[in-house]
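Trainee: File model_20.txt follows (compact mmCIF, C-alpha atoms):
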```
# COMPACT_ATOMS: atom_id res chain seq x y z
CA MET A 23 2.34 -1.49 -4.21
CA CYS A 24 2.93 -1.97 -0.50
CA LEU A 25 3.29 -5.73 -0.65
CA GLY A 26 6.23 -7.14 1.26
CA ILE A 27 7.38 -10.72 1.52
CA PRO A 28 8.87 -12.31 4.64
CA MET A 29 12.35 -13.63 3.87
CA LYS A 30 15.27 -14.93 5.94
CA ILE A 31 18.62 -13.17 5.95
CA VAL A 32 21.40 -15.62 5.02
CA ALA A 33 24.30 -13.17 4.57
CA VAL A 34 25.09 -9.65 5.72
CA ASP A 35 27.73 -7.57 3.93
CA PRO A 36 29.55 -4.66 5.56
CA ALA A 37 28.25 -2.22 2.93
CA GLY A 38 24.65 -2.51 4.19
CA THR A 39 23.60 -5.05 1.62
CA GLY A 40 22.94 -8.73 2.09
CA THR A 41 21.27 -11.86 0.83
CA VAL A 42 17.82 -13.12 1.75
CA GLU A 43 16.24 -16.47 1.04
CA LEU A 44 12.69 -17.54 0.28
CA ASP A 45 11.83 -21.17 -0.46
CA GLY A 46 15.44 -21.87 -1.38
CA VAL A 47 15.78 -18.95 -3.78
CA ARG A 48 18.28 -16.23 -2.86
CA HIS A 49 17.90 -12.54 -3.55
CA ALA A 50 20.14 -9.50 -3.03
CA VAL A 51 18.65 -7.06 -0.54
CA ASP A 52 19.41 -3.66 0.88
CA LEU A 53 19.58 -3.84 4.69
CA THR A 54 20.26 -0.19 5.53
CA LEU A 55 16.80 0.35 7.04
CA ILE A 56 17.29 -2.47 9.59
CA GLU A 57 19.08 -1.94 12.92
CA THR A 58 21.96 -4.45 13.23
CA PRO A 59 20.70 -7.12 10.81
CA LYS A 60 21.99 -10.63 11.42
CA SER A 61 21.99 -13.89 9.54
CA GLY A 62 18.89 -15.86 10.52
CA ASP A 63 16.72 -12.77 11.08
CA HIS A 64 13.43 -12.66 9.20
CA VAL A 65 12.64 -9.40 7.43
CA ILE A 66 9.86 -8.00 5.23
CA VAL A 67 11.27 -7.27 1.78
CA HIS A 68 9.72 -4.54 -0.35
CA ALA A 69 11.20 -3.13 -3.59
CA GLY A 70 14.59 -4.69 -2.89
CA PHE A 71 14.80 -3.29 0.66
CA ALA A 72 14.24 -4.94 4.01
CA ILE A 73 11.78 -2.50 5.55
CA GLU A 74 11.24 -4.11 8.97
CA ARG A 75 12.02 -7.18 11.03
CA LEU A 76 9.54 -9.99 11.46
CA ASP A 77 9.34 -11.22 15.06
CA PRO A 78 9.13 -15.04 14.93
CA ALA A 79 7.78 -15.30 18.49
CA GLU A 80 4.87 -12.99 17.66
CA ALA A 81 4.26 -14.85 14.38
CA ASP A 82 4.29 -18.27 16.07
CA ALA A 83 1.94 -17.08 18.81
CA ARG A 84 -0.55 -15.85 16.22
CA ILE A 85 -0.29 -19.06 14.17
CA GLU A 86 -0.99 -21.02 17.38
CA LEU A 87 -4.01 -18.82 18.15
CA PHE A 88 -5.45 -19.41 14.68
CA ARG A 89 -4.80 -23.13 14.99
CA SER A 90 -6.65 -23.30 18.31
CA LEU A 91 -9.58 -21.28 16.89
CA ALA A 92 -9.85 -23.70 13.99
CA GLU A 93 -9.72 -26.73 16.30
CA SER A 94 -12.26 -25.43 18.79
CA ARG A 95 -14.66 -24.55 15.98
CA GLU A 96 -14.38 -28.01 14.48
CA ARG A 97 -14.77 -29.62 17.91
CA ASP A 98 -17.96 -27.62 18.49
CA GLY A 99 -19.29 -28.94 15.20
CA ASP A 100 -19.56 -25.55 13.58
CA GLY A 101 -17.32 -25.41 10.57
CA GLY A 102 -18.62 -21.97 9.76
CA MET B 25 6.42 -19.86 2.25
CA LYS B 26 7.36 -19.52 5.89
CA TYR B 27 5.17 -17.06 7.78
CA VAL B 28 2.81 -16.80 4.81
CA ASP B 29 1.08 -20.15 4.24
CA ALA B 30 0.09 -20.49 7.90
CA PHE B 31 -1.95 -17.31 7.57
CA ARG B 32 -4.01 -18.76 4.72
CA ASP B 33 -5.42 -21.83 6.50
CA PRO B 34 -9.03 -22.51 5.37
CA ALA B 35 -10.19 -24.13 8.64
CA ALA B 36 -9.04 -21.11 10.63
CA ALA B 37 -10.70 -18.82 8.07
CA ARG B 38 -14.02 -20.66 8.59
CA ALA B 39 -13.65 -20.31 12.34
CA LEU B 40 -12.92 -16.58 12.02
CA ALA B 41 -15.88 -16.12 9.67
CA GLY B 42 -18.09 -17.67 12.37
CA ARG B 43 -16.67 -15.34 15.01
CA ILE B 44 -17.26 -12.37 12.68
CA ARG B 45 -20.93 -13.35 12.29
CA GLU B 46 -21.25 -13.52 16.08
CA ALA B 47 -19.55 -10.18 16.59
CA ALA B 48 -21.61 -8.55 13.82
CA ALA B 49 -24.97 -9.82 15.12
CA PRO B 50 -25.51 -7.07 17.72
CA LEU B 51 -24.93 -4.46 14.97
CA ALA B 52 -27.57 -5.88 12.63
CA GLY B 53 -30.42 -3.66 13.84
CA ARG B 54 -28.80 -0.40 12.75
CA SER B 55 -30.45 1.77 10.13
CA ARG B 56 -27.58 1.31 7.69
CA PRO B 57 -24.85 -1.28 7.10
CA VAL B 58 -21.64 -1.22 9.13
CA GLN B 59 -19.03 0.26 6.82
CA ILE B 60 -15.38 -0.62 7.25
CA MET B 61 -12.85 0.99 4.96
CA GLU B 62 -9.78 -1.00 4.03
CA VAL B 63 -7.39 1.81 3.36
CA CYS B 64 -4.69 -0.07 1.48
CA GLY B 65 -4.73 -1.43 -2.06
CA SER B 66 -2.90 -4.57 -0.96
CA HIS B 67 -5.80 -5.27 1.42
CA THR B 68 -8.27 -4.60 -1.41
CA MET B 69 -6.51 -7.13 -3.61
CA ALA B 70 -6.34 -9.78 -0.87
CA ILE B 71 -10.02 -9.25 0.03
CA GLY B 72 -10.91 -9.94 -3.61
CA ARG B 73 -8.49 -12.79 -4.10
CA TYR B 74 -9.58 -14.74 -1.01
CA GLY B 75 -13.28 -14.04 -1.41
CA ILE B 76 -13.50 -12.35 1.97
CA ARG B 77 -16.63 -10.32 1.11
CA GLY B 78 -18.47 -13.60 0.59
CA LEU B 79 -17.74 -14.62 4.21
CA LEU B 80 -19.30 -11.51 5.73
CA PRO B 81 -22.92 -10.99 6.81
CA PRO B 82 -24.96 -8.71 4.51
CA HIS B 83 -25.09 -5.77 6.92
CA LEU B 84 -21.28 -5.52 6.93
CA ARG B 85 -19.67 -3.68 4.01
CA LEU B 86 -16.01 -3.37 3.14
CA ILE B 87 -15.25 -0.17 1.28
CA SER B 88 -12.00 0.23 -0.61
CA GLY B 89 -10.08 3.37 0.28
CA PRO B 90 -7.45 5.57 -1.31
CA GLY B 91 -4.53 3.23 -0.63
CA CYS B 92 -3.36 2.62 -4.16
CA PRO B 93 -0.62 5.18 -4.78
CA VAL B 94 -0.94 4.95 -8.52
CA CYS B 95 -4.70 5.50 -8.37
CA VAL B 96 -4.52 8.67 -6.28
CA THR B 97 -1.78 10.24 -8.40
CA ASP B 98 -3.15 13.04 -10.56
CA ALA B 99 -3.02 12.77 -14.36
CA GLY B 100 -0.89 15.93 -14.34
CA TYR B 101 1.94 13.95 -12.76
CA ILE B 102 1.96 11.51 -15.67
CA ASP B 103 1.92 14.52 -18.02
CA ALA B 104 5.06 15.85 -16.32
CA ALA B 105 6.80 12.47 -16.65
CA LEU B 106 5.83 12.36 -20.34
CA GLU B 107 7.20 15.87 -20.80
CA LEU B 108 10.53 14.78 -19.30
CA ALA B 109 10.60 11.71 -21.54
CA SER B 110 9.96 13.91 -24.58
CA ARG B 111 13.04 15.93 -23.64
CA GLY B 112 15.19 12.78 -23.84
CA VAL B 113 15.29 12.06 -20.09
CA GLU B 114 15.32 8.39 -19.16
CA ILE B 115 12.33 7.62 -16.94
CA CYS B 116 12.72 4.88 -14.35
CA THR B 117 9.53 3.71 -12.67
CA PHE B 118 7.77 0.95 -10.78
CA GLY B 119 5.74 -1.10 -13.22
CA ASP B 120 2.36 -0.04 -11.78
CA LEU B 121 2.66 3.41 -13.26
CA ILE B 122 3.45 2.81 -16.89
CA ASN B 123 -0.06 2.10 -18.16
CA VAL B 124 -1.71 4.88 -16.16
CA PRO B 125 -3.25 7.43 -18.50
CA GLY B 126 -2.08 11.02 -18.29
CA SER B 127 -4.28 13.72 -19.82
CA ASP B 128 -3.65 12.36 -23.31
CA THR B 129 -1.46 9.27 -23.24
CA SER B 130 0.56 6.91 -21.02
CA LEU B 131 4.24 6.15 -20.46
CA ALA B 132 3.74 2.74 -22.08
CA ALA B 133 2.45 4.41 -25.23
CA ALA B 134 5.36 6.87 -25.18
CA ARG B 135 7.78 3.97 -24.80
CA SER B 136 6.29 2.21 -27.80
CA ARG B 137 7.06 5.39 -29.75
CA GLY B 138 10.70 5.30 -28.63
CA ALA B 139 10.79 7.12 -25.28
CA ALA B 140 13.27 5.74 -22.74
CA VAL B 141 11.06 4.28 -20.00
CA THR B 142 12.58 1.60 -17.76
CA VAL B 143 10.52 -0.49 -15.35
CA CYS B 144 12.38 -1.15 -12.10
CA TYR B 145 11.66 -3.67 -9.33
CA SER B 146 13.96 -1.79 -6.96
CA PRO B 147 14.68 1.94 -7.07
CA LEU B 148 18.38 1.03 -6.88
CA GLU B 149 18.17 0.03 -10.54
CA ALA B 150 17.89 3.75 -11.33
CA VAL B 151 21.35 4.25 -9.80
CA GLU B 152 22.74 1.66 -12.20
CA ARG B 153 21.08 3.40 -15.15
CA ALA B 154 22.53 6.77 -14.10
CA ARG B 155 25.97 5.27 -13.58
CA ARG B 156 25.95 3.60 -16.98
CA ASP B 157 25.51 6.80 -18.96
CA PRO B 158 26.56 9.89 -16.99
CA ALA B 159 25.69 12.15 -19.93
CA ARG B 160 22.03 11.14 -19.80
CA GLU B 161 19.59 12.50 -17.24
CA VAL B 162 17.68 9.83 -15.31
CA VAL B 163 14.47 10.58 -13.36
CA PHE B 164 12.90 8.09 -10.96
CA LEU B 165 9.13 8.43 -10.57
CA ALA B 166 8.89 8.73 -6.79
CA VAL B 167 5.33 7.62 -6.19
CA GLY B 168 4.26 5.71 -3.11
CA PHE B 169 3.10 5.68 0.49
CA GLU B 170 5.24 5.54 3.62
CA THR B 171 6.25 1.92 2.83
CA THR B 172 7.98 2.94 -0.35
CA VAL B 173 9.28 6.38 0.61
CA ALA B 174 12.46 5.33 2.42
CA PRO B 175 13.67 2.90 -0.26
CA VAL B 176 13.05 5.48 -2.98
CA VAL B 177 14.44 8.54 -1.25
CA SER B 178 17.60 6.65 -0.31
CA LEU B 179 18.50 7.20 -3.98
CA VAL B 180 19.48 10.75 -3.00
CA ASP B 181 22.11 9.43 -0.61
CA ARG B 182 23.37 6.93 -3.22
CA ALA B 183 23.61 9.60 -5.88
CA ALA B 184 25.45 11.95 -3.51
CA ALA B 185 27.85 9.21 -2.33
CA GLU B 186 28.70 8.24 -5.89
CA GLY B 187 28.82 11.81 -7.17
CA LEU B 188 26.10 11.07 -9.71
CA GLY B 189 24.91 14.41 -11.03
CA ASN B 190 22.34 13.01 -13.48
CA LEU B 191 19.80 11.33 -11.18
CA SER B 192 16.75 13.06 -9.74
CA LEU B 193 13.29 12.25 -8.32
CA LEU B 194 9.89 13.43 -9.53
CA THR B 195 8.16 13.26 -6.16
CA ALA B 196 4.50 12.49 -5.52
CA PHE B 197 4.82 10.68 -2.19
CA LYS B 198 1.63 10.43 -0.17
CA LEU B 199 0.94 9.97 3.55
CA VAL B 200 -1.85 7.80 4.94
CA PRO B 201 -2.83 9.54 8.23
CA PRO B 202 -3.75 12.88 6.58
CA ALA B 203 -5.88 10.97 4.04
CA LEU B 204 -7.76 9.29 6.92
CA GLU B 205 -8.47 12.75 8.33
CA ALA B 206 -9.90 13.87 5.00
CA LEU B 207 -12.09 10.75 4.73
CA ALA B 208 -13.37 10.98 8.30
CA ALA B 209 -14.20 14.67 7.80
CA ALA B 210 -16.23 14.11 4.61
CA PRO B 211 -19.89 14.49 5.62
CA ASP B 212 -21.30 12.18 2.93
CA LEU B 213 -19.05 9.24 3.81
CA ALA B 214 -20.24 7.21 6.75
CA ILE B 215 -17.23 5.08 7.59
CA ASP B 216 -17.48 3.36 10.95
CA ALA B 217 -13.95 2.03 11.23
CA PHE B 218 -10.66 1.70 9.40
CA LEU B 219 -8.64 -1.42 8.61
CA CYS B 220 -5.20 0.19 8.60
CA PRO B 221 -2.41 -0.83 6.22
CA ALA B 222 0.20 -3.42 7.11
CA HIS B 223 3.46 -2.11 5.77
CA VAL B 224 2.75 1.62 5.93
CA SER B 225 2.22 0.92 9.63
CA ALA B 226 5.52 -0.98 9.83
CA ILE B 227 7.21 2.32 8.96
CA ILE B 228 5.09 4.86 10.87
CA GLY B 229 4.15 2.62 13.83
CA ALA B 230 0.71 1.76 15.21
CA ASP B 231 0.79 4.78 17.54
CA ALA B 232 0.64 7.07 14.50
CA TYR B 233 -3.15 6.46 14.32
CA ARG B 234 -3.82 7.32 17.98
CA PRO B 235 -4.55 11.04 17.51
CA PHE B 236 -6.87 10.21 14.61
CA ALA B 237 -8.75 7.42 16.40
CA GLY B 238 -9.26 9.63 19.44
CA ARG B 239 -10.31 12.73 17.54
CA HIS B 240 -12.76 11.02 15.19
CA ARG B 241 -13.92 8.19 17.47
CA ARG B 242 -13.25 5.50 14.86
CA PRO B 243 -11.68 2.12 15.61
CA CYS B 244 -8.37 1.69 13.72
CA VAL B 245 -7.07 -1.85 13.44
CA VAL B 246 -3.71 -2.57 11.83
CA ALA B 247 -3.82 -5.89 9.98
CA GLY B 248 -1.44 -7.90 7.83
CA PHE B 249 -2.20 -8.72 4.19
CA GLU B 250 -2.93 -12.43 4.57
CA PRO B 251 -6.55 -13.59 4.72
CA LEU B 252 -6.50 -14.70 8.36
CA ASP B 253 -4.95 -11.36 9.32
CA ILE B 254 -7.73 -9.50 7.52
CA LEU B 255 -10.51 -11.61 9.03
CA TYR B 256 -9.09 -11.25 12.53
CA GLY B 257 -8.72 -7.50 11.96
CA ILE B 258 -12.39 -7.26 10.94
CA GLU B 259 -13.39 -9.23 14.03
CA GLY B 260 -11.36 -6.81 16.17
CA ILE B 261 -13.16 -3.84 14.61
CA LEU B 262 -16.58 -5.42 15.27
CA ARG B 263 -15.72 -6.17 18.90
CA GLN B 264 -14.76 -2.51 19.35
CA LEU B 265 -17.98 -1.32 17.69
CA ASP B 266 -20.00 -3.72 19.87
CA ALA B 267 -18.38 -2.23 22.97
CA GLY B 268 -18.63 1.38 21.74
CA GLU B 269 -14.85 1.72 21.69
CA ALA B 270 -12.56 3.54 19.26
CA ARG B 271 -9.02 2.38 19.86
CA VAL B 272 -5.92 1.64 17.83
CA GLU B 273 -5.34 -2.09 17.80
CA ASN B 274 -2.23 -3.65 16.31
CA GLN B 275 -3.12 -7.08 14.94
CA TYR B 276 0.09 -7.29 12.87
CA SER B 277 2.43 -7.37 15.82
CA ARG B 278 4.79 -9.79 14.11
CA VAL B 279 5.98 -6.86 12.01
CA VAL B 280 4.46 -3.60 13.28
CA THR B 281 5.68 -1.96 16.51
CA ALA B 282 4.12 0.95 18.38
CA ALA B 283 6.84 3.36 17.27
CA GLY B 284 7.58 2.02 13.78
CA ASN B 285 10.91 1.81 11.94
CA ARG B 286 12.98 4.65 13.38
CA ARG B 287 15.79 4.27 10.87
CA ALA B 288 13.36 4.73 8.00
CA GLN B 289 11.68 7.62 9.82
CA ALA B 290 15.06 9.34 10.37
CA LEU B 291 15.98 9.00 6.68
CA ILE B 292 12.61 10.42 5.61
CA GLU B 293 12.87 13.28 8.10
CA ARG B 294 16.40 14.20 6.98
CA LEU B 295 15.65 14.31 3.24
CA LEU B 296 11.97 15.21 2.98
CA ARG B 297 9.44 17.69 4.36
CA PRO B 298 5.63 17.62 4.41
CA VAL B 299 3.96 19.35 1.47
CA ASP B 300 0.33 19.84 0.47
CA ALA B 301 -0.71 17.25 -2.09
CA ILE B 302 -3.59 16.69 -4.49
CA TRP B 303 -5.28 13.30 -4.34
CA ARG B 304 -7.53 11.98 -7.02
CA GLY B 305 -10.86 11.56 -5.23
CA LEU B 306 -9.96 13.61 -2.18
CA GLY B 307 -8.67 16.80 -3.79
CA PRO B 308 -6.04 18.91 -2.04
CA VAL B 309 -5.14 17.60 1.42
CA PRO B 310 -2.86 19.73 3.61
CA ALA B 311 0.54 18.25 4.50
CA SER B 312 -0.40 14.90 2.97
CA GLY B 313 2.63 14.57 0.72
CA LEU B 314 6.41 14.67 1.03
CA GLY B 315 8.80 16.71 -1.08
CA LEU B 316 12.58 17.00 -1.01
CA ARG B 317 13.97 19.56 1.40
CA PRO B 318 15.37 22.70 -0.30
CA GLU B 319 18.97 21.65 0.40
CA PHE B 320 18.42 18.62 -1.86
CA ALA B 321 16.91 20.65 -4.71
CA ALA B 322 19.56 19.33 -7.11
CA TYR B 323 17.85 15.93 -6.84
CA ASP B 324 14.36 17.34 -7.33
CA ALA B 325 13.38 16.71 -10.96
CA GLU B 326 10.91 19.61 -11.04
CA ASN B 327 13.64 21.99 -9.96
CA ARG B 328 16.40 20.40 -12.01
CA HIS B 329 14.42 20.28 -15.25
CA GLY B 330 12.46 23.49 -14.75
CA LEU B 331 8.96 22.06 -14.87
CA ARG B 332 5.99 22.12 -12.53
CA VAL B 333 3.49 19.31 -12.08
CA GLY B 334 0.12 20.91 -12.77
CA PRO B 335 -3.40 19.52 -12.70
CA GLY B 336 -4.22 17.03 -15.45
CA ARG B 337 -7.45 16.10 -17.20
CA ASP B 338 -9.21 12.86 -16.37
CA ALA B 339 -10.85 10.78 -19.06
CA PRO B 340 -14.48 11.80 -19.61
CA GLY B 341 -16.88 9.63 -17.66
CA CYS B 342 -14.19 8.07 -15.44
CA ARG B 343 -15.39 7.87 -11.82
CA CYS B 344 -12.09 6.76 -10.25
CA GLY B 345 -12.23 9.70 -7.87
CA ASP B 346 -15.55 8.51 -6.44
CA VAL B 347 -14.31 4.93 -6.23
CA ILE B 348 -11.14 5.96 -4.38
CA SER B 349 -13.07 7.97 -1.80
CA GLY B 350 -15.55 5.13 -1.22
CA ARG B 351 -18.52 6.97 -2.72
CA LEU B 352 -19.01 4.38 -5.48
CA THR B 353 -18.24 0.70 -5.75
CA PRO B 354 -16.52 -0.11 -9.05
CA PRO B 355 -19.57 -1.81 -10.66
CA GLU B 356 -21.57 1.38 -10.03
CA CYS B 357 -19.35 3.24 -12.53
CA PRO B 358 -21.05 3.21 -15.95
CA LEU B 359 -17.73 2.45 -17.67
CA PHE B 360 -16.84 -0.54 -15.47
CA GLY B 361 -16.48 -3.77 -17.43
CA ARG B 362 -17.78 -2.11 -20.58
CA ARG B 363 -15.54 0.61 -21.91
CA CYS B 364 -13.10 0.19 -19.03
CA THR B 365 -11.38 -3.19 -18.57
CA PRO B 366 -7.84 -4.21 -17.56
CA ALA B 367 -7.03 -4.78 -21.25
CA SER B 368 -8.28 -1.33 -22.14
CA PRO B 369 -8.39 0.75 -18.97
CA VAL B 370 -9.89 4.22 -18.90
CA GLY B 371 -8.84 5.21 -15.38
CA PRO B 372 -6.01 4.37 -13.00
CA CYS B 373 -8.17 2.23 -10.67
CA MET B 374 -8.49 -0.29 -13.50
CA VAL B 375 -4.82 -0.02 -14.49
CA SER B 376 -3.03 -0.61 -11.25
CA SER B 377 -2.75 -4.20 -10.08
CA GLU B 378 -3.99 -2.94 -6.72
CA GLY B 379 -6.69 -0.62 -7.96
CA SER B 380 -10.22 -1.23 -6.68
CA CYS B 381 -11.67 -1.57 -10.16
CA ALA B 382 -8.98 -4.06 -11.21
CA ALA B 383 -9.65 -6.10 -8.05
CA TRP B 384 -13.43 -6.10 -8.62
CA TYR B 385 -13.01 -6.96 -12.29
CA LYS B 386 -10.62 -9.80 -11.58
CA TYR B 387 -12.32 -11.35 -8.55
CA GLY B 388 -15.82 -9.94 -8.23
CA ARG B 389 -17.46 -10.11 -11.61
CA ILE B 390 -19.47 -13.24 -11.07
CA ALA B 391 -21.35 -11.55 -8.27
CA THR B 392 -21.59 -8.14 -9.85
CA GLU B 393 -22.03 -8.73 -13.57
CA ARG B 394 -25.06 -7.01 -15.01
CA PRO B 395 -27.21 -8.11 -17.95
```
Could you spell out this file's structure in C-alpha cells?

Mentor:
Amino acid sequence: MCLGIPMKIVAVDPAGTGTVELDGVRHAVDLTLIETPKSGDHVIVHAGFAIERLDPAEADARIELFRSLAESRERDGDGG
Amino acid sequence: MKYVDAFRDPAAARALAGRIREAAAPLAGRSRPVQIMEVCGSHTMAIGRYGIRGLLPPHLRLISGPGCPVCVTDAGYIDAALELASRGVEICTFGDLINVPGSDTSLAAARSRGAAVTVCYSPLEAVERARRDPAREVVFLAVGFETTVAPVVSLVDRAAAEGLGNLSLLTAFKLVPPALEALAAAPDLAIDAFLCPAHVSAIIGADAYRPFAGRHRRPCVVAGFEPLDILYGIEGILRQLDAGEARVENQYSRVVTAAGNRRAQALIERLLRPVDAIWRGLGPVPASGLGLRPEFAAYDAENRHGLRVGPGRDAPGCRCGDVISGRLTPPECPLFGRRCTPASPVGPCMVSSEGSCAAWYKYGRIATERP
C-alpha cells in the first residue's frame, strides 16, 4: 500500500496540481505536499500525490556505488 | 523506468549477496538465527518477488512485520463500513480493502448485492463522487500508514474549500514507530534489527527512529523497495550487529531526509491527533493511530453517522495476528494454502496484495509446500 513510483514533473499548475511522466506516459498529480515543485523535478508518486522529492545526485551516487560493487566482484572472480 | 531499473541489476545483487554472506559470517556461532524484521508490506512483497530469502545464509531470517495496513485493521472496522453501506452511504476505498473479511462478510460481497462501493486509486476520486451527487453521503475508508495519511486527510481541506457537506472519513490510520515499540517490548519476539519502511520514512524522516533505536538497542536501517536497496539495507544491519552498534542508518537517501516531509507533517498535525488504536496481532497500542481533531468532527464518519467502530470477530482458525507480529511464518498456519488461498482467503494477510501470506503463497510455495 506504500508503494510509490519515481516520476518526472513535466508541468506545474498554479492550483497545486501538475503533470508527471513515466516512460512517456503522462499522469495528473497533486503537488501540494511538495515545496516549490518545478518542471524537471523527480518526485515519488503515491495514490495520485507526489509525497516527496527524489534527489537525482543521491540516486546517481548510489547507482554508481552498486555498479562499482558489481564490477569489483566480477573482477575478483566471485560472482556470488 | 528511470531510477527503478538501475536498482534491480542482477550483477550488483550477486555482489551484495556475497557481501551479506561475509558480514553474516561472524554472527553464525550464535545460539539462534539472526532475526531481521522487515516492517513494511511493500518490503515483504519485494523480498518475495526478487527471491531475496534465497540469497541469504541459513542463520539469517527475515521476519515480516505489521506493515500492511489492511492486515492490521480489525474486522470491526470492516463491519462499520458495511453498516454504513447498508444505510445507503457510498463507500470509497483503496482496492486492497474490498476483499478483506469483516466479522461476517466483505465489502466486495456487499457490492455484489448492490451496495455502493467504489474503488479509488487516488482519494481525490471521493471528492468527485461527493460533488456529483450532493444528496448522497460519501465515506472514504481512511486506512493507511504515514505514507498515505496526508493524501487521504487532505480530503478534509478539499471538502471544506468546495463546501461539500456530504463527504467524511472513517479513520483507521496507523503509525509505524509506536508499533516498533510494541514489537521490541514483546518478550517472546527476539528481533535483532529492523529494516524500516521506505515511504513512511519519507514522510516522518529517518530521525523519527532515533529514540527507538537508542532505547531498545536495535539497529534501524531505512531502505528503499528495490532489491538492491533491500540487500544493501540488510548488509548495513549486519555490519552494525557485527560491531555491536544500534544506530539509525538512512540507506534511501535519494528520497528520505533526516527530518522528513514537513509540509505533509504540518497537514497531518493540523487535522489529526494521536489516538490509541487496536492492531490485529499487536492488540491495543497507545497513541499508535490518528483521528480527526474535534474541530473537524463534521468530517468524521463515526461522528457524522452516529456509529462506533467496535471489535470484530476473526474467522475461526485464522492466525493472521501471529503472522503479523512475526510469531508464525505463513506456512506454519494450518489454513495456509489449504483452506486459505488468494482465490478464497480466510484472513486479511492472504487478501491484501502486500499481506505476508499472499507474498508467501505467490512467491514462496515451491520452497514451503508440504506433502

Trainee: Please identify all residues of chain B having at least one atom at most 6 Å from any atom of chain A, considering all atoms listed in the file, and return them as a count of residues only.

Mentor: 11

Trainee: Determine, counting all atoms listed in the file, which protein, DNA and RNA residues have an atom within 12 Å of an atom of B:Thr129; residues of the same chain fewer than 3 positions away are not included. Present the result as a PyMOL selection string.

Mentor: chain B and resi 99-107+122-126+132-137+336-339+369-371

Trainee: Would you work out the distance separating atom CA of B:Gly388 from atom CA of B:Val224, expressed in Å to one decimal?

Mentor: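 Here the two named atoms are 26.1 Å from each other.
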
Trainee: So that I can see what lies close to stretch 296-299 of chain B, please list as a PyMOL selection string the residues with an atom at most 12 Å from it, counting all atoms listed in the file and leaving out residues fewer than 2 positions away in the same chain.

Mentor: chain B and resi 170+173-174+176-178+180+193+195-199+202+288-294+301-302+308-321+323-324

Trainee: So, counting only C-alpha atoms, which residue among B:Gly268, B:Gly260, B:Gly284, B:Pro158 is closest to B:Ile60?

Mentor: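 So, comparing all the options, the nearest one is B:Gly260.
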
Trainee: Kindly indicate which residue among B:Gly330, B:Pro82, B:Gly350, B:Pro358 lies nearest to B:Leu194, using all atoms listed in the file for the distances.

Mentor: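 For B:Leu194, the nearest of the given residues is B:Gly330.
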
Trainee: Would you mind telling me which residue in B:Thr172, B:Asn285, B:Ser376, B:Ser225 lies nearest to B:Val63 when using all atoms listed in the file?

Mentor: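 Among B:Thr172, B:Asn285, B:Ser376, B:Ser225, it is B:Ser225 that comes nearest to B:Val63.
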
Trainee: Rounded to one decimal in Å, what is the spacing between atom CA of A:Val32 and atom CA of B:Val28?

Mentor: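 Atom-to-atom, atom CA of A:Val32 to atom CA of B:Val28, that is 18.6 Å.
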
Trainee: Could you check how far atom CA of B:Gly238 sits from atom CA of B:Ala283, in Å to one decimal?

Mentor: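 Spanning atom CA of B:Gly238 to atom CA of B:Ala283 is a straight-line distance of 17.4 Å.
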